[in-house]
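> Take a look at this one; I'll ask things after.
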Amino acid sequence: MNTMKKLNHIFFGLAMGAALVGVTTSCDDFEEINVDPSVAGVEVVKPYYALNASIVNAQQDPHIHERIFVYNWASAARVSGDMGYLNLGRYSDSFNHDYLNSYITDWIKRASLAIDLVDEQSSSLTSDHDIAFNKNVKSFARIWRACLIAEFVNNFGPYPLDAFQGETPTFSNEKDCFYFILSELKEAASQIDTSVEPTGTEAKSDPAYGYNAAKWQKFGNTLRMRYAMQLSEVDAAKAQSEFEDAARGPIITTLDDMFKVKEFDQWNAWAPVYSRSWNYVALSSTMSNILVGLGGIPVAEQRPDLAEYTKDMNYLGMKFDQHYAENTDNPTKQFWMDGIPANIDPRGLKVWMIPNDTQAENFMDKGSVKDHASYAMMDKDGKEQVKIDAQFTWNYYPAGQRSAWSDKFAKNKVVSNYDGTLVLLGKQYRDASGSRIWVAPWETQFLLAEAALYGWNVGTTAQAAYEAGVKVSFEHHGVSQFADAYLNSEDYNRVGTSVKFTHTTEPTNMTVNYVDGYTNEAKTMTYQYPDANKILYKGKKLNDQLTKIITQKYIAQTPYGALEMWTDHRRLGLPFFDIPANEAIFTGADMENTWTPTTYLSGQKMTVYPQRLRYPTSLKNADPNGYATAIQLLGGEDVTITPLWWAQH
C-alpha cells in the first residue's frame, strides 16, 4: 500500500494534527510540532497525530451526537424518555448517512492510517525512543480501531474488514468481525511495552490516557472482555475462552484507569454529547421504575432538605387515566407523582435533576429548561382541566406517549410546559464540566460478575465482583456512605428487583394507595409487578442474580454508556424495558406491523424493541453489490427490528 500517496491527497492535514488537541495544547507546543503540509513527508507526519484525530473526532460533534448518541442510542437504551425516536423504530436516512459516511468511517480510517504510518516509518527511525513509542502507537491504534469497528457492527451489522486497503471493500459477517476484533485486541494489548514513556508533546496528543502504555493495555484487555461477553448467547465457548484469557491480564479496576475524554464548551467534537439545550433528556419510565425503591435508602437521608416532599413507597401518586395511555406493561402507567418517592437509588439524585431543586449541585439554570413550576392537564379543547404544581416532584416521560399513536394524548393535552416539569439529566452532563466515559471499572466488575455467574474461571465470585461494581459506581458519584446498607437491601424497585445478591425471592403484588387526579378522591389498588412469564428475558425472573447484575450495570453506565446499555438489552432482554404505550395503529416506522394497541397483552417480543440502525440508502446507491452482500449476511431485512447475530432472537 502506498501510504505516501494517501497522505498527499487526503491526510496532510494530520501534520497539523496536534492542533486537534485544542484546549489541551498551548500555542508554543503547537509551534514545536507543526510542519508545513506542502513540504511534509511521510517521515514527519507522526502516527500519533492520526490516532489523536480519530480519538478526538469520535467524541462526536454536536451535529452527529444529537442525531446518533441522543436520538438513537439514548432513546433505544431508555436513558432519555422524551426522545421517542429509535425506541419506537423511527429512523432518519440522512442521520444514518452522515454517521456512516462522514463520521465513523472517517474515525476508523484515521486509526488505520496511524497503523500504516508506523509500518511505513519503521525502517527510517533511528531513535530508540521513537522506535519503541511508534510500536506502542500501532498497538494503541489497533485497540482503538477495534473499538470503533465494534461500534459500527453494533449499530449496523456486517462491516467490511478489508476497508481502506486500496480495493473495493467486501462486507464480512458479524461473527468474522467479532473474531477479528477479539484477535486484534489480544495481539495489540500483548505487544504493548509498558516501560515506554511518552515525551511531553506526545502525551498531550492523547486526550484519554496521555499515551500511558499501562493504561492502554488495561483498556485493550477490558474491551476484549466486553466484546467476548457479547457472544455469550450465540458462541458461548468462544466467549468464555476469550473472556477468561483477557481477564488474566491487566484490566481496568480503578477510577483512575477509566478511558474518558474531557468535554469542553465548544461547537466541535469536544462538546458534551448531551449539551444541546433543546434536548431535554427527561427521565424515562424504564429508568424511573428501576431507580425508585431500589436499595431502600431514604431520600431524607440523602437530602434532608427534600424530606418534606417525599411520599411513602406504597403511594403511587395521582392517576390520570383520561390522559395517559393504558396499553403498556409499565406497572406505574397513568400515574403522576405529586412528590418524591421516599426511597430512590442514591445515584438517582446525582444523575437526575428534580424540577426547581435549585439547591442541588446538578441543577440546571431554569432559563434553559422552561418553567419548572407550571403543569396542567388540559381537556380536548385545550382548556385547563387540572392544575398541578410540579416543583419537587419525580416524574418521567412515558415510553410511547405521542399523539400520533395515543388517543388519550391526542384528545386531551397532557401538559403545559411539559418537559420542564419532569426529572431531567443533570447539568454536569450538559455544561462541559465532566468527561465522556467510554470504559469504567464498574463495567469491568459487572462483566466479571456475569462471567463468574456462568461458571467461567475469572478469579473472583459473582457476588464479590457484583458488590465491587456497585461500590466503585457509588464512589464515582460520591455516595459511598450508603453502599453497605444499599448492598444489604431486600427492598424491591418498581419492577420487582432488589439489590442484595443473595436475595432472590420474587416479588408479590401488594396493595398501594393513590389519588384520583380528577376528583382528588383517595383510593387503593393492587400494584402488579411485571408478569415474569411475559418478559423478554429468557430467565423469566424479576429478581434473579443475572437480573441484578445487569440492572446495576445499567444504572452505573448511565448516561455515557448508552450504546452498551442498549447492547445488553438486545443481548439478554435485561433490564426490564416496558413496552411503549400505544392506543392507535402505528405507521411510519419499522414497528408499524409489530406494535399494535394490543401487543402489550401478549407479552414482550424482540420486535417491539429496536435492534440496529438501517444502512443509509447512499450505501445502496454507491455500492449496490456490497449493500446486497451486507443484507444477505445480516440475515434479514434492512430495518431497525432485524436482530443482529449476537443478540437474543
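Chain labels A, B, ... are given in the sequence in which chains occur in the C-alpha cells; within each chain residues are numbered consecutively from 1, and ligands are likewise numbered from 1 in the order shown.
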If you count only C-alpha atoms, which residues fall within 9 Å of Pro610 in chain A, apart from same-chain ones fewer than 3 positions away, as an NGL selection string?
:A and (76 or 86-90 or 566 or 570 or 590-591 or 606-607 or 613 or 640-643)
> Could you dump the residues just selected with C-alpha atoms as a compact mmCIF listing (two decimals), in the first residue's frame?

# COMPACT_ATOMS: atom_id res chain seq x y z
CA ALA A 76 -33.07 2.93 22.44
CA LEU A 86 -35.25 4.81 17.77
CA ASN A 87 -37.07 3.27 20.74
CA LEU A 88 -40.17 3.40 18.52
CA GLY A 89 -38.46 2.14 15.39
CA ARG A 90 -38.19 5.61 13.89
CA TRP A 566 -28.79 -0.88 24.55
CA ARG A 570 -30.57 -6.63 22.86
CA ASP A 590 -40.24 -0.17 11.29
CA MET A 591 -42.50 -1.22 14.16
CA MET A 606 -37.94 -8.58 20.22
CA THR A 607 -39.92 -6.81 17.51
CA LEU A 613 -29.62 1.17 12.57
CA THR A 640 -34.41 -1.46 12.70
CA ILE A 641 -36.14 -4.52 14.16
CA THR A 642 -33.90 -7.13 12.49
CA PRO A 643 -31.77 -8.56 15.32
> Near Gly635 in chain A, within 12 Å and counting only C-alpha atoms, which residues show up once chain neighbours fewer than 5 positions away are dropped, as a VMD selection string?
chain A and resid 157 to 158 173 to 174 628 to 630 642 to 645 649
> Could you check the closest approach to Thr286 in chain A for each of A:Asn509, A:Thr332, A:Ser473, A:Ser92 and tell me which residue wins, using only C-alpha atoms?
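So, comparing all the options, the nearest one is A:Thr332.
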> Compare A:Lys138, A:Leu161, A:Glu592, A:Gly296 by their minimum atom-to-atom distance to Glu120 in chain A, counting only C-alpha atoms, and give me the closest one.
A:Lys138
> Could you list, as number ranges by chain, every residue within 10 Å of range 54-64 of chain A, counting only C-alpha atoms and ignoring same-chain residues fewer than 5 positions away?
A: 20-22, 48-49, 69-71, 95-96, 98-99, 102-104, 106-114, 141, 144-145, 148, 205-208, 260-263, 266-276, 436-438
> Keeping only C-alpha atoms, write those residues as a PDB file, in the first residue's frame.

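See out04.pdb below for the written result:
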ATOM      1  CA  LEU A  20      -6.834  18.874  17.247  1.00  0.00           C
ATOM      2  CA  VAL A  21      -5.805  18.537  20.860  1.00  0.00           C
ATOM      3  CA  GLY A  22      -7.283  22.038  21.062  1.00  0.00           C
ATOM      4  CA  TYR A  48       0.007   9.576  16.802  1.00  0.00           C
ATOM      5  CA  TYR A  49      -1.381  12.650  15.002  1.00  0.00           C
ATOM      6  CA  PHE A  69     -26.000   9.486  20.563  1.00  0.00           C
ATOM      7  CA  VAL A  70     -29.190  11.190  21.775  1.00  0.00           C
ATOM      8  CA  TYR A  71     -31.884  10.396  19.211  1.00  0.00           C
ATOM      9  CA  PHE A  95     -28.762  10.810  10.083  1.00  0.00           C
ATOM     10  CA  ASN A  96     -27.509   7.332   9.270  1.00  0.00           C
ATOM     11  CA  ASP A  98     -23.913  11.241   7.977  1.00  0.00           C
ATOM     12  CA  TYR A  99     -22.869   8.854  10.730  1.00  0.00           C
ATOM     13  CA  SER A 102     -18.825  11.290   7.291  1.00  0.00           C
ATOM     14  CA  TYR A 103     -18.093  10.198  10.827  1.00  0.00           C
ATOM     15  CA  ILE A 104     -17.458   6.621  11.931  1.00  0.00           C
ATOM     16  CA  ASP A 106     -13.510   8.591   8.958  1.00  0.00           C
ATOM     17  CA  TRP A 107     -12.622   7.705  12.556  1.00  0.00           C
ATOM     18  CA  ILE A 108     -11.755   4.139  11.530  1.00  0.00           C
ATOM     19  CA  LYS A 109      -9.820   5.419   8.521  1.00  0.00           C
ATOM     20  CA  ARG A 110      -7.676   7.679  10.691  1.00  0.00           C
ATOM     21  CA  ALA A 111      -6.914   4.868  13.135  1.00  0.00           C
ATOM     22  CA  SER A 112      -5.946   2.673  10.183  1.00  0.00           C
ATOM     23  CA  LEU A 113      -3.707   5.430   8.883  1.00  0.00           C
ATOM     24  CA  ALA A 114      -1.877   5.541  12.202  1.00  0.00           C
ATOM     25  CA  ALA A 141      -4.322   2.360  17.209  1.00  0.00           C
ATOM     26  CA  TRP A 144      -8.895   1.940  19.244  1.00  0.00           C
ATOM     27  CA  ARG A 145      -9.801   0.787  15.738  1.00  0.00           C
ATOM     28  CA  LEU A 148     -14.670   1.656  16.544  1.00  0.00           C
ATOM     29  CA  SER A 205      -1.788  14.281  21.904  1.00  0.00           C
ATOM     30  CA  ASP A 206      -3.783  11.597  23.703  1.00  0.00           C
ATOM     31  CA  PRO A 207      -6.867  13.127  25.369  1.00  0.00           C
ATOM     32  CA  ALA A 208      -7.715   9.930  27.238  1.00  0.00           C
ATOM     33  CA  LYS A 260     -12.590   9.046  29.377  1.00  0.00           C
ATOM     34  CA  VAL A 261     -12.224  12.256  27.387  1.00  0.00           C
ATOM     35  CA  LYS A 262     -12.729  15.709  28.893  1.00  0.00           C
ATOM     36  CA  GLU A 263     -15.600  17.729  27.443  1.00  0.00           C
ATOM     37  CA  GLN A 266     -17.150  24.250  22.055  1.00  0.00           C
ATOM     38  CA  TRP A 267     -19.085  23.589  18.860  1.00  0.00           C
ATOM     39  CA  ASN A 268     -16.920  20.688  17.817  1.00  0.00           C
ATOM     40  CA  ALA A 269     -16.078  17.161  18.907  1.00  0.00           C
ATOM     41  CA  TRP A 270     -15.121  18.398  22.385  1.00  0.00           C
ATOM     42  CA  ALA A 271     -18.721  19.388  23.124  1.00  0.00           C
ATOM     43  CA  PRO A 272     -20.713  17.291  25.640  1.00  0.00           C
ATOM     44  CA  VAL A 273     -22.887  14.711  23.902  1.00  0.00           C
ATOM     45  CA  TYR A 274     -25.936  15.886  25.872  1.00  0.00           C
ATOM     46  CA  SER A 275     -25.214  19.598  25.519  1.00  0.00           C
ATOM     47  CA  ARG A 276     -27.987  20.719  23.141  1.00  0.00           C
ATOM     48  CA  ARG A 436     -17.322  11.382  28.302  1.00  0.00           C
ATOM     49  CA  ILE A 437     -16.697   7.931  29.777  1.00  0.00           C
ATOM     50  CA  TRP A 438     -16.003   5.075  27.382  1.00  0.00           C
TER      51      TRP A 438
END
